[in-house]
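Please read the structure below before turning to the comments.
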Amino acid sequence: MSSVAEEIARFDLSLPMASSPTPPSSWYVRPDILEAEKERILWRSWQPVARVEQLREKGAFVSGSFLEQPWVITRDGELRAFYNVCRHHAALVAQGEGCAAQLTCPYHGWVYDLDGKLRKAPRLGAVKEFQREQYGLKPIALEVWGPWVWLNFSPSPAPLAEQLAPLAGQGCLDGLRFVTSRSYELECNWKVYVDNYLDGGYHVEVAHQALAAQLDLDAYKTSVEGSLVLQMCGSDGASERLGDGAVYAWLYPNWMFNRYGPVLDTNWVIPLGPDRCLTVFEYFFDESCDQEFIDRSLIASHQVQLEDVDICQSVQRGLRSQGYDVGRYAPSLEIGEYSFHHWLARDLR
């Protein structure tokens with residue numbers, strides 16, 4: 001079997017989109033390529049793991065895991081993030097979310113302050129060369145942008161605000177309230193879902209006919225700004241939900257921001273395996289929206305997601321076929337997808 005490096009090298013970065021094949025199907029089915037993506041891309045990217053409103057009270061904490069990296073965020077005057085791993089024998093020190101003055105490991109009772117410092121290490125006895133200050137919880141880079149708390153598992157990440165700066169003029173976050181979240185587990189590689197999102201509206205007329213009837217697909221525009229891809233589309237003017245049109249923004253590698261009418265929804269795509277992923281949606285509505293409008297909007301969104309699930313799972317089955325290796329781009333449409341693949345190849349090398 002060819003190596004990861006050999007498979008990544010099959011995508012020629014020197015070719016313009018009109019001449020370039022897409023990445024080979026191996027990128028979407030091999031576990032070793034997913035492992036490389038974790039180490040070289042996903043752990044080094046900002047991930048929106050929680051909402052600020054979950055951590056408003058002093059003493060609040062929220063814990064979770066991203067691609068085998070357990071984390072905990074605490075509020076001790078300021079927000080802090082740590083690997084949720086006891087420095088004694090690696091048990092998780094926090095579960096779920098709540099409010100506490102300290103975090104206590106459930107295994108041997110080591111106690112940590114909310115600033116990560118080790119407070120108690122009971123019954124160590126005559127252990128030698130032990131310095132308490134060196135055994136605090138290990139920190140994780142944290143930033144707040146919008147209503148989210150973001151984490152990055154690399155030691156010196158680039159500032160998140162710089163990466164998201166092009167979104168500043170694409171729909172204000174003020175006046176929006178969080179309503180609900182929904183998750184969809186798909187039997188496809190995480191990149192299949194991202195490819196589908198970034199195809200410049202190519203699939204919308206075929207796969208989302210009810211949505212397409214409300215959009216002006218002839219005016220669909222895609223632009224690339226730093227590590228963001230912006231897709232913009234006008235509406236037919238008759239849709240209460242879409243308003244004047246939609247802005248679909250994607251932050252490399254796995255987060256989407258969708259602003260339309262009085263609604264914002266986001267999707268966070270999390271790999272679960274080479275042929276499985278989880279997409280977490282969060283829905284925010286303008287404070288003027290009544291419950292009837294919210295319910296209708298959620299029903300419409302759910303229908304679009306089911307349509308995307310079907311097509312993405314179909315693609316994954318095709319990627320495993322001996323009848324497919326590489327495809328081609330539609331140069332006037334799939335600008336975002338082509339950029340995504342270039343950035344993947346760059347970082348995987």
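Here's how to read the names in the structure tokens: chain A, B, ... by the order shown, residue numbers from 1 in each chain, ligand numbers from 1 in the order shown.
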
Range 29-163 of chain A: which residues are alpha helix (DSSP H) by DSSP, as a PDB file with C-alpha atoms, in the first residue's frame?
ATOM      1  CA  PRO A  31      -7.580   5.745   8.478  1.00  0.00           C
ATOM      2  CA  ASP A  32      -3.906   6.758   8.270  1.00  0.00           C
ATOM      3  CA  ILE A  33      -4.796   9.889   6.319  1.00  0.00           C
ATOM      4  CA  LEU A  34      -7.365  10.846   8.963  1.00  0.00           C
ATOM      5  CA  GLU A  35      -4.667  10.425  11.640  1.00  0.00           C
ATOM      6  CA  ALA A  36      -2.396  12.770   9.688  1.00  0.00           C
ATOM      7  CA  GLU A  37      -5.246  15.293   9.413  1.00  0.00           C
ATOM      8  CA  LYS A  38      -5.770  15.230  13.165  1.00  0.00           C
ATOM      9  CA  GLU A  39      -2.125  15.923  13.948  1.00  0.00           C
ATOM     10  CA  ARG A  40      -1.333  18.403  11.185  1.00  0.00           C
ATOM     11  CA  LEU A 160      -8.649  33.628  15.712  1.00  0.00           C
ATOM     12  CA  ALA A 161      -9.965  37.182  15.334  1.00  0.00           C
ATOM     13  CA  GLU A 162      -7.615  37.782  12.404  1.00  0.00           C
ATOM     14  CA  GLN A 163      -8.918  34.706  10.618  1.00  0.00           C
TER      15      GLN A 163
END

Enumerate, in order of chain and increasing residue number, the residues of range 255-342 of chain A with an atom no farther than 12 Å from range 15-20 of chain A, each with its shortest atom pair and distance in Å to one decimal, counting only C-alpha atoms, as a tab-separated table.
residue	atom	partner	partner_atom	distance
A:Val326	CA	A:Ser20	CA	9.9
A:Gly327	CA	A:Ser20	CA	8.9
A:Arg328	CA	A:Ser20	CA	6.7
A:Tyr329	CA	A:Met17	CA	6.6
A:Ala330	CA	A:Ala18	CA	7.6
A:Pro331	CA	A:Ala18	CA	5.6
A:Ser332	CA	A:Ala18	CA	9.0
A:Leu333	CA	A:Met17	CA	10.5
A:Glu334	CA	A:Met17	CA	8.8
A:Ile335	CA	A:Met17	CA	8.0
A:Gly336	CA	A:Met17	CA	10.9
A:Glu337	CA	A:Met17	CA	10.1
A:Tyr338	CA	A:Met17	CA	6.8
A:Ser339	CA	A:Met17	CA	9.3
A:His341	CA	A:Met17	CA	10.8
A:His342	CA	A:Met17	CA	10.2

Could the residues in this selection be saved with C-alpha atoms as a PDB file, in the first residue's frame?
ATOM      1  CA  VAL A 326     -10.300  11.180  -8.977  1.00  0.00           C
ATOM      2  CA  GLY A 327     -12.858  13.629 -10.356  1.00  0.00           C
ATOM      3  CA  ARG A 328     -12.780  17.140 -11.843  1.00  0.00           C
ATOM      4  CA  TYR A 329     -13.840  20.619 -10.773  1.00  0.00           C
ATOM      5  CA  ALA A 330     -16.463  22.934 -12.246  1.00  0.00           C
ATOM      6  CA  PRO A 331     -14.122  25.975 -12.521  1.00  0.00           C
ATOM      7  CA  SER A 332     -16.814  28.644 -12.381  1.00  0.00           C
ATOM      8  CA  LEU A 333     -18.417  27.175  -9.259  1.00  0.00           C
ATOM      9  CA  GLU A 334     -16.199  24.988  -7.090  1.00  0.00           C
ATOM     10  CA  ILE A 335     -13.680  27.667  -6.113  1.00  0.00           C
ATOM     11  CA  GLY A 336     -14.106  27.025  -2.396  1.00  0.00           C
ATOM     12  CA  GLU A 337     -13.711  23.284  -2.765  1.00  0.00           C
ATOM     13  CA  TYR A 338     -10.524  23.720  -4.816  1.00  0.00           C
ATOM     14  CA  SER A 339      -9.112  26.071  -2.138  1.00  0.00           C
ATOM     15  CA  HIS A 341      -8.098  20.805  -1.176  1.00  0.00           C
ATOM     16  CA  HIS A 342      -5.073  23.046  -1.744  1.00  0.00           C
TER      17      HIS A 342
END

Inset, instruction - Compile the contact shell of range 129-145 of chain A as a ChimeraX atom specification: residues with an atom at most 6 Å away, counting only C-alpha atoms, same-chain residues fewer than 4 positions apart removed. - result: /A:81-83,87,116-118,149-153

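Counting only C-alpha atoms, the residue from A:Leu272, A:Val280, A:Ala100, A:Val192 that sits nearest to Trp27 in chain A is A:Val192.
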